[in-house]
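K.L.:
Right, I'll just put the structure down here and ask away after.
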Amino acid sequence: MRQHALSYDIVIAGMGCAGLSLAMRLIHAHFLSSFSILLIDVAPKQENDRTWCFWEDQPGWFEPIVYHRWTKAQLHTEQHILHMQLQPFAYKMIRGIDFYRYAHEQLQQARNNNPDRRIDYLYEPVLQMEREEQYAIVHTTQHRVQAKYVFYSLLSSIPPASYRYFLWQHFRGWFVHMHASVFDPECMVLMDFRVPQQEATAFMYVLPFSDCDALIEYTVFSPHLLDAQVYDACIRNYLQTHYPGLTYDITEIEKGAIPMTDYAFPTATGTLIPIGTAGGQTKASTGYTFSFIQRHSDALIKAWEKTGKPLVKSTLHERAFRWYDQLLLHVLQHRLYPGDALFLQLFQNNSTPTVLRFLSNQSSWAEDIRIIASLPTKPFLKALLSIR
Ligand SMILES: Cc1cc2nc3c(=O)[nH]c(=O)nc-3n(C[C@H](O)[C@H](O)[C@H](O)COP(=O)(O)OP(=O)(O)OC[C@H]3O[C@@H](n4cnc5c(N)ncnc54)[C@H](O)[C@@H]3O)c2cc1C
C-alpha cells in the first residue's frame, strides 16, 4: 500500500501515560515552542482503562485531576497489622480517563494559544520504526512519518518467559459500593497478605474513596496470569471474611499485568527514544511506573535544554537501585523468603517516608544501607551470590 509522507519535528508514538506525560512537558517548554508535534496511537481512549496510584510530597503535573488521596496506610499479615503515617507524602490516585482527557485539553489549549504551531494526532497502528542518519522514521498503516525525534512507548519487546528475572504483577480489582459504612477514606491498605501465600506472593490492595466505596484488588507476583474467576473468587472470599454479612454492588472492574523484570529494555539510539514501560521506567521490584515516567519526562526536557539532545544518562545511584531491584526480585522469584514477611520487615524496621523514598529510587546512600541492613541477611546474601 502506498504510504503518505509526513514530516514533524517530534513524533510521540503511543498516547498512554508516558506519551501524554511527555507531551505535557513539550507544550510548556519555551525552547521547543516552534517544534511541531505528531501524536500517534491506535485509537482515541474513551474508557477508564486503568487507575494510577503513586506517592508525592508536593503537587505534581496532574494535581488538578487527583481523584483521591490518602495520608495513612496499613499493611496486614496473618499475625501483624502495621499502621503507617505517610506524611510528608500523600498516596494519590488518578483515573486513566481523567488523565487522557486532561492531557488532551491541555494540548488543545496549546494549539489555541499558538495556532501556527502544528500539534496533530494520527490514529493508526505503528507498524515499524527505524533510524536514519539524522531522522527517525515511523511507518503506520497509511503514513511514513519523518521526525527529528521519535519518543515511543510501544512495548515491542518483553523478555521470554525463561528470562532470569521476570515476574508479572497481575491483578484484578472490583470497585465496590458497600451497603454500609465500613471504610476509612483517609486510610488505604497497601498490602493485605491475609490471602493464601503458598503458590506466590499475593495480597489484597484496598483503596477506599468514601466510607462505602473502595477498589479491592487481588494482586499476585508470579510468572503466569490466572483466569478471571480465580481473582474474583479471592476477592469474594476476602469480602466475606473481613466484611461478613455485608452486601455490596460491583460498579467497575480493573485488571492488568505489569512486568517486573531487570530485562534491559531498548535504550535510546540517537533519534529513537523509548519512554514509559518500554523505556525501562517500570520499577522492577514493585511495578510502580507512574512517578518514574513523570521524573523521566522532566529529565528528558532538562537534558534537551541543557545539551541540545533529549538523552538521559543513568547515574551511579540509579544503577545501584537497579541492582537492589535484582536482589529483591531474586528473593521473591525464588521464594528465598516469604514475601509477606519481607514487606512487613521492610516497613516495620524503617520509617515509612524512608521506605517510600527508597522505593522511588530517591533515598540517600546512607538510607539505602540502613534499609538493606534491616532486611533478612541470609536470603539476600544467597541472592547476591547467585546474581554476581
Ligand atoms: C490496569 C493497570 C493499572 C496500573 N496501575 C498502576 C499504578 O497504580 N501505579 C503505577 O505506578 N503504575 C501502574 N501501572 C503500570 C504503568 O503505570 C502503566 O502500565 C502505564 O500506563 C505505562 O505507561 P506507558 O505509557 O509506558 O504505556 P501505556 O500507558 O500502555 O501506553 C502505550 C500506548 O501505546 C499505544 N500503542 C501500543 N501499540 C501501538 C501501536 N502498534 N501503534 C500505535 N499505538 C500503540 C497504546 O494504545 C497505548 O496508548 C498500571 C498498569 C495497568 C495495566
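Just remember, in the C-alpha cells the first chain shown is A, the second B, etc., residues are 1-based per chain, and ligands are 1-based in the order shown.
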What's around Gly276 (chain A) at 9 Å? Count only C-alpha atoms, leave out sequence neighbours fewer than 5 positions away in its own chain, and write the answer as JSON, numbers by chain.
P.N.:
{"A": [16, 17, 18, 19, 152, 153, 154, 155, 281, 282, 289, 290, 292, 293, 296]}
K.L.:
Check every protein, DNA and RNA residue against ligand 1, keep those with an atom at most 7 Å away (counting only C-alpha atoms and all ligand atoms), and present them as an mmCIF file with C-alpha atoms, in the first residue's frame.
P.N.:
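Printed below is out.cif as written:
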data_model
loop_
_atom_site.group_PDB
_atom_site.id
_atom_site.type_symbol
_atom_site.label_atom_id
_atom_site.label_comp_id
_atom_site.auth_asym_id
_atom_site.auth_seq_id
_atom_site.Cartn_x
_atom_site.Cartn_y
_atom_site.Cartn_z
ATOM 1 C CA ALA A 13 4.222 7.079 19.303
ATOM 2 C CA GLY A 14 1.789 5.852 21.961
ATOM 3 C CA MET A 15 -0.631 8.213 23.698
ATOM 4 C CA GLY A 16 -0.689 6.466 27.053
ATOM 5 C CA CYS A 17 0.824 7.567 30.320
ATOM 6 C CA ALA A 18 4.368 8.203 29.078
ATOM 7 C CA GLY A 19 3.441 9.726 25.708
ATOM 8 C CA ILE A 40 0.124 8.611 17.217
ATOM 9 C CA ASP A 41 -1.996 5.870 18.748
ATOM 10 C CA VAL A 42 -4.176 3.052 17.520
ATOM 11 C CA ALA A 43 -7.389 4.779 18.595
ATOM 12 C CA ASP A 49 -8.841 1.541 31.235
ATOM 13 C CA ARG A 50 -6.725 1.886 34.404
ATOM 14 C CA THR A 51 -6.079 3.910 37.527
ATOM 15 C CA TRP A 52 -2.659 5.108 38.595
ATOM 16 C CA CYS A 53 -1.541 5.362 42.189
ATOM 17 C CA PHE A 54 1.703 6.870 43.331
ATOM 18 C CA GLU A 124 -3.304 4.392 13.060
ATOM 19 C CA PRO A 125 -1.241 1.457 14.286
ATOM 20 C CA VAL A 126 2.510 1.932 14.137
ATOM 21 C CA LEU A 127 3.989 -0.931 12.138
ATOM 22 C CA SER A 153 6.072 3.756 24.409
ATOM 23 C CA LEU A 154 5.058 0.763 22.299
ATOM 24 C CA LEU A 155 6.093 -2.313 24.196
ATOM 25 C CA GLU A 254 -9.966 -3.116 36.715
ATOM 26 C CA LYS A 255 -7.454 -5.664 35.556
ATOM 27 C CA GLY A 256 -3.893 -5.606 34.373
ATOM 28 C CA ALA A 257 -0.421 -7.064 34.381
ATOM 29 C CA ILE A 258 2.807 -5.161 34.853
ATOM 30 C CA ILE A 275 9.786 6.040 27.130
ATOM 31 C CA GLY A 276 7.425 4.559 29.718
ATOM 32 C CA THR A 277 7.473 0.841 30.434
ATOM 33 C CA ALA A 278 9.090 0.298 27.014
ATOM 34 C CA THR A 282 8.704 0.355 35.491
ATOM 35 C CA GLY A 287 5.786 -2.485 39.266
ATOM 36 C CA TYR A 288 5.258 1.195 40.117
ATOM 37 C CA THR A 289 5.740 3.260 36.958
ATOM 38 C CA PHE A 290 3.725 6.485 37.078
ATOM 39 C CA SER A 291 6.186 8.552 39.159
#
K.L.:
Which one is closest to Arg25 (chain A): A:Trp61, A:Phe221, A:Tyr8, A:Phe203? Count only C-alpha atoms.
P.N.:
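For Arg25 (chain A), the nearest of the candidates is A:Trp61.
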K.L.:
Using only C-alpha atoms, which of A:Pro376, A:Gly96, A:Gly60, A:Pro274 sits nearest Ile12 (chain A)?
P.N.:
A:Pro274
K.L.:
Using DSSP on the backbone coordinates, identify the residues of region 18-99 of chain A assigned to alpha helix (DSSP H); present them as an NGL selection string.
P.N.:
:A and (18-28 or 96-99)
K.L.:
Tell me which protein, DNA and RNA residues are within 7 Å of region 204-215 of chain A, counting only C-alpha atoms, leaving out same-chain ones fewer than 4 positions away, and put them as a PyMOL selection string.
P.N.:
chain A and resi 68+173-185+188-193+219
K.L.:
List the neighbours of Leu329 (chain A) out to 9 Å using only C-alpha atoms; skip same-chain residues closer than 2 positions along the sequence, and give me the result as a ChimeraX atom specification.
P.N.:
/A:165-167,260-262,284-286,324-327,331-334
K.L.:
From a DSSP calculation on the backbone, collect every residue of region 125-249 of chain A in strand (DSSP E or B) and output the set as a ChimeraX atom specification.
P.N.:
/A:126-131,136-140,143-152,166-178,187-192,201-208,213-222,248-249
K.L.:
Work out how far CA of Pro223 (chain A) is from CA of Gln240 (chain A), in Å to one decimal.
P.N.:
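About the pair CA of Gln240 (chain A) and CA of Pro223 (chain A): they are 28.1 Å apart.
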K.L.:
At a cut-off of 6 Å, using only C-alpha atoms, what residues contact Trp55 (chain A)? Leave out same-chain residues fewer than 5 positions from it and give the result as a PDB file with C-alpha atoms, in the first residue's frame.
P.N.:
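Result written to part_19.pdb:
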ATOM      1  CA  PHE A  89       3.928  12.017  51.228  1.00  0.00           C
ATOM      2  CA  ALA A  90       0.362  11.540  50.104  1.00  0.00           C
ATOM      3  CA  TYR A  91      -0.687   8.414  48.238  1.00  0.00           C
ATOM      4  CA  LYS A  92      -2.666   9.661  45.233  1.00  0.00           C
TER       5      LYS A  92
END
K.L.:
Could you give me, as a PyMOL selection string, the residues within 12 Å of Leu82 (chain A), counting only C-alpha atoms and dropping anything in the same chain fewer than 4 positions from it?
P.N.:
chain A and resi 72-78+187-193+343-352
K.L.:
Compile the contact shell of Arg335 (chain A) as an MDAnalysis selection string: residues with an atom at most 10 Å away, counting only C-alpha atoms, same-chain residues fewer than 6 positions apart removed.
P.N.:
chainID A and resid 199:201 329 379
